[in-house]
$ cat entry18.txt   # compact mmCIF, N, CA and C atoms
# COMPACT_ATOMS: atom_id res chain seq x y z
N MET A 1 28.93 156.42 129.56
CA MET A 1 29.22 156.10 130.95
C MET A 1 30.24 157.08 131.53
N LYS A 2 31.31 157.38 130.75
CA LYS A 2 32.32 158.32 131.24
C LYS A 2 31.71 159.69 131.48
N ARG A 3 30.80 160.10 130.59
CA ARG A 3 30.16 161.41 130.74
C ARG A 3 29.33 161.44 132.02
N LEU A 4 28.63 160.37 132.32
CA LEU A 4 27.82 160.29 133.52
C LEU A 4 28.70 160.38 134.76
N ILE A 5 29.82 159.70 134.75
CA ILE A 5 30.75 159.75 135.88
C ILE A 5 31.29 161.16 136.05
N ALA A 6 31.65 161.81 134.93
CA ALA A 6 32.18 163.18 134.98
C ALA A 6 31.13 164.14 135.55
N LEU A 7 29.88 164.00 135.13
CA LEU A 7 28.83 164.86 135.64
C LEU A 7 28.58 164.63 137.12
N ALA A 8 28.66 163.39 137.55
CA ALA A 8 28.50 163.09 138.97
C ALA A 8 29.63 163.70 139.78
N ALA A 9 30.85 163.62 139.25
CA ALA A 9 32.00 164.22 139.94
C ALA A 9 31.84 165.73 140.03
N LEU A 10 31.37 166.34 138.96
CA LEU A 10 31.15 167.79 138.97
C LEU A 10 30.09 168.16 140.00
N ALA A 11 29.01 167.42 140.05
CA ALA A 11 27.94 167.71 141.01
C ALA A 11 28.46 167.63 142.44
N LEU A 12 29.27 166.63 142.72
CA LEU A 12 29.85 166.50 144.06
C LEU A 12 30.78 167.66 144.38
N ALA A 13 31.58 168.08 143.41
CA ALA A 13 32.51 169.18 143.63
C ALA A 13 31.77 170.48 143.89
N VAL A 14 30.71 170.72 143.13
CA VAL A 14 29.94 171.94 143.33
C VAL A 14 29.26 171.91 144.68
N ALA A 15 28.70 170.78 145.04
CA ALA A 15 28.00 170.66 146.32
C ALA A 15 28.96 170.83 147.50
N ALA A 16 30.16 170.32 147.36
CA ALA A 16 31.12 170.38 148.46
C ALA A 16 31.80 171.73 148.56
N HIS A 17 31.85 172.48 147.48
CA HIS A 17 32.57 173.76 147.44
C HIS A 17 33.98 173.59 148.02
N ALA A 18 34.63 172.53 147.61
CA ALA A 18 35.97 172.24 148.10
C ALA A 18 36.91 173.37 147.75
N GLU A 19 37.71 173.76 148.70
CA GLU A 19 38.69 174.80 148.45
C GLU A 19 39.86 174.20 147.69
N LEU A 20 40.28 174.91 146.68
CA LEU A 20 41.41 174.46 145.87
C LEU A 20 42.71 175.00 146.45
N PRO A 21 43.81 174.31 146.19
CA PRO A 21 45.10 174.85 146.62
C PRO A 21 45.37 176.17 145.90
N THR A 22 46.15 177.03 146.49
CA THR A 22 46.47 178.31 145.87
C THR A 22 47.99 178.47 145.72
N VAL A 23 48.36 179.28 144.76
CA VAL A 23 49.76 179.65 144.57
C VAL A 23 49.82 181.17 144.41
N GLN A 24 50.98 181.72 144.69
CA GLN A 24 51.18 183.14 144.48
C GLN A 24 52.03 183.30 143.22
N LEU A 25 51.53 184.08 142.28
CA LEU A 25 52.22 184.32 141.02
C LEU A 25 52.70 185.77 140.99
N ASN A 26 53.84 185.99 140.36
CA ASN A 26 54.36 187.33 140.18
C ASN A 26 54.29 187.69 138.71
N ALA A 27 53.70 188.84 138.42
CA ALA A 27 53.65 189.38 137.06
C ALA A 27 54.22 190.79 137.14
N GLY A 28 55.51 190.87 136.93
CA GLY A 28 56.17 192.17 137.13
C GLY A 28 56.06 192.54 138.59
N MET A 29 55.51 193.72 138.86
CA MET A 29 55.37 194.19 140.26
C MET A 29 54.05 193.72 140.90
N HIS A 30 53.25 192.98 140.16
CA HIS A 30 51.94 192.53 140.65
C HIS A 30 52.03 191.12 141.24
N LEU A 31 51.35 190.94 142.35
CA LEU A 31 51.23 189.61 142.96
C LEU A 31 49.80 189.14 142.74
N ILE A 32 49.67 187.90 142.29
CA ILE A 32 48.36 187.33 142.01
C ILE A 32 48.20 186.05 142.82
N ARG A 33 47.12 185.94 143.54
CA ARG A 33 46.80 184.72 144.28
C ARG A 33 45.87 183.90 143.40
N ALA A 34 46.35 182.75 142.95
CA ALA A 34 45.58 181.94 142.00
C ALA A 34 45.24 180.59 142.60
N GLU A 35 43.97 180.22 142.47
CA GLU A 35 43.55 178.87 142.81
C GLU A 35 44.05 177.94 141.70
N VAL A 36 44.43 176.72 142.06
CA VAL A 36 44.98 175.78 141.09
C VAL A 36 43.94 174.72 140.75
N ALA A 37 43.53 174.70 139.47
CA ALA A 37 42.60 173.69 138.96
C ALA A 37 43.43 172.68 138.18
N ALA A 38 43.77 171.57 138.83
CA ALA A 38 44.72 170.63 138.23
C ALA A 38 44.10 169.27 137.89
N ASP A 39 42.83 169.05 138.23
CA ASP A 39 42.21 167.79 137.87
C ASP A 39 40.96 168.05 137.03
N PHE A 40 40.41 167.00 136.47
CA PHE A 40 39.29 167.15 135.54
C PHE A 40 38.12 167.91 136.16
N GLY A 41 37.73 167.54 137.37
CA GLY A 41 36.58 168.16 138.01
C GLY A 41 36.78 169.64 138.29
N SER A 42 37.94 170.00 138.83
CA SER A 42 38.17 171.42 139.14
C SER A 42 38.33 172.25 137.88
N ARG A 43 38.93 171.68 136.82
CA ARG A 43 39.02 172.41 135.55
C ARG A 43 37.64 172.58 134.94
N MET A 44 36.81 171.56 135.05
CA MET A 44 35.47 171.61 134.46
C MET A 44 34.61 172.67 135.16
N GLU A 45 34.70 172.76 136.47
CA GLU A 45 33.93 173.76 137.21
C GLU A 45 34.53 175.15 137.02
N GLY A 46 35.86 175.21 137.02
CA GLY A 46 36.53 176.49 136.81
C GLY A 46 36.02 177.57 137.74
N LEU A 47 35.67 178.71 137.17
CA LEU A 47 35.18 179.84 137.95
C LEU A 47 33.66 179.96 137.92
N MET A 48 32.99 178.90 137.47
CA MET A 48 31.52 178.93 137.49
C MET A 48 31.02 179.12 138.92
N HIS A 49 29.85 179.67 139.03
CA HIS A 49 29.19 179.86 140.31
C HIS A 49 29.87 180.91 141.18
N ARG A 50 30.80 181.67 140.61
CA ARG A 50 31.45 182.75 141.36
C ARG A 50 30.72 184.05 141.01
N LYS A 51 30.32 184.77 142.01
CA LYS A 51 29.66 186.05 141.77
C LYS A 51 30.69 187.16 141.56
N SER A 52 31.89 186.98 142.12
CA SER A 52 32.94 187.97 141.97
C SER A 52 34.29 187.34 142.28
N LEU A 53 35.34 188.06 141.95
CA LEU A 53 36.71 187.66 142.29
C LEU A 53 37.34 188.81 143.06
N GLY A 54 38.17 188.48 144.00
CA GLY A 54 38.88 189.50 144.74
C GLY A 54 39.95 190.17 143.87
N THR A 55 40.44 191.26 144.35
CA THR A 55 41.52 191.97 143.66
C THR A 55 42.74 191.06 143.59
N ASN A 56 43.37 191.01 142.43
CA ASN A 56 44.59 190.22 142.21
C ASN A 56 44.40 188.74 142.51
N THR A 57 43.22 188.21 142.18
CA THR A 57 42.98 186.78 142.33
C THR A 57 42.58 186.19 140.98
N GLY A 58 42.73 184.88 140.85
CA GLY A 58 42.37 184.23 139.61
C GLY A 58 42.47 182.72 139.74
N MET A 59 42.58 182.05 138.61
CA MET A 59 42.67 180.60 138.61
C MET A 59 43.72 180.18 137.58
N LEU A 60 44.53 179.23 137.98
CA LEU A 60 45.55 178.65 137.12
C LEU A 60 45.08 177.26 136.72
N PHE A 61 44.95 177.01 135.42
CA PHE A 61 44.49 175.71 134.93
C PHE A 61 45.70 174.89 134.50
N ILE A 62 45.86 173.72 135.09
CA ILE A 62 46.98 172.81 134.79
C ILE A 62 46.44 171.62 133.99
N PHE A 63 47.06 171.34 132.85
CA PHE A 63 46.67 170.20 132.03
C PHE A 63 47.84 169.22 131.94
N ASP A 64 47.51 167.94 131.77
CA ASP A 64 48.53 166.89 131.71
C ASP A 64 49.36 166.94 130.44
N GLU A 65 48.76 167.42 129.36
CA GLU A 65 49.45 167.45 128.07
C GLU A 65 49.42 168.84 127.47
N ALA A 66 50.49 169.20 126.78
CA ALA A 66 50.52 170.48 126.07
C ALA A 66 49.56 170.42 124.89
N GLY A 67 48.94 171.52 124.59
CA GLY A 67 48.03 171.57 123.45
C GLY A 67 46.95 172.61 123.65
N GLY A 68 46.20 172.85 122.61
CA GLY A 68 45.11 173.80 122.69
C GLY A 68 43.99 173.26 123.56
N GLN A 69 43.42 174.12 124.35
CA GLN A 69 42.32 173.74 125.23
C GLN A 69 41.13 174.63 124.93
N CYS A 70 39.94 174.08 125.01
CA CYS A 70 38.71 174.83 124.77
C CYS A 70 38.10 175.17 126.11
N MET A 71 37.80 176.43 126.31
CA MET A 71 37.18 176.88 127.56
C MET A 71 35.88 177.56 127.24

$ encode --input "entry18.txt" --output "structure tokens"
Amino acid sequence: MKRLIALAALALAVAAHAELPTVQLNAGMHLIRAEVAADFGSRMEGLMHRKSLGTNTGMLFIFDEAGGQCM
């Protein structure tokens, strides 16, 4: 049942193409504009369905607990 709910949530997120919040990160002299994937649905979709990324852009994945994550 949980898997079905998760898949339904993913389908809705993909269909809606909801824009994620963004943050600006500094890596030395480089500025990176990163979308924030902080909930289950946005982490699950990640960067799927993207044909390209702009220069100095990416995604920051936020998890509730510290630990190894499988991507």

$ closest_residue --input "entry18.txt" --among "A:Cys70, A:Thr22, A:Met48, A:Phe63" --to "Ala34 in chain A" --atoms "only C-alpha atoms"
A:Thr22

$ atom_distance --input "entry18.txt" --atom1 "atom N of Ile32 in chain A" --atom2 "CA of Gly58 in chain A"
8.6 Å

$ residues_around --input "entry18.txt" --residues "Gln24 in chain A" --least-positions-apart "6" --cutoff "12 Å" --atoms "only C-alpha atoms" --output "MDAnalysis selection string"
chainID A and resid 30:36 56:60

$ atom_distance --input "entry18.txt" --atom1 "CA of Val23 in chain A" --atom2 "atom C of Ala66 in chain A"
21.7 Å

$ residues_around --input "entry18.txt" --residues "Ala38 in chain A" --least-positions-apart "6" --cutoff "10 Å" --atoms "only C-alpha atoms" --output "list in words"
Leu20, Pro21, Leu60, Phe61, Ile62, Phe63 and Asp64 of chain A

$ atom_distance --input "entry18.txt" --atom1 "atom N of Leu47 in chain A" --atom2 "atom N of Met71 in chain A"
11.3 Å

$ axis_aligned_box --input "entry18.txt" --around "range 28-41 of chain A" --padding-each-side "4 Å" --output "lines of an AutoDock Vina configuration file"
center_x = 46.4
center_y = 180.6
center_z = 139.9
size_x = 27.6
size_y = 35.2
size_z = 16.7

$ select_by_dssp --input "entry18.txt" --residues "range 20-61 of chain A" --states "strand (DSSP E or B)" --output "number ranges by chain"
A: 22-27, 30-37, 57-61
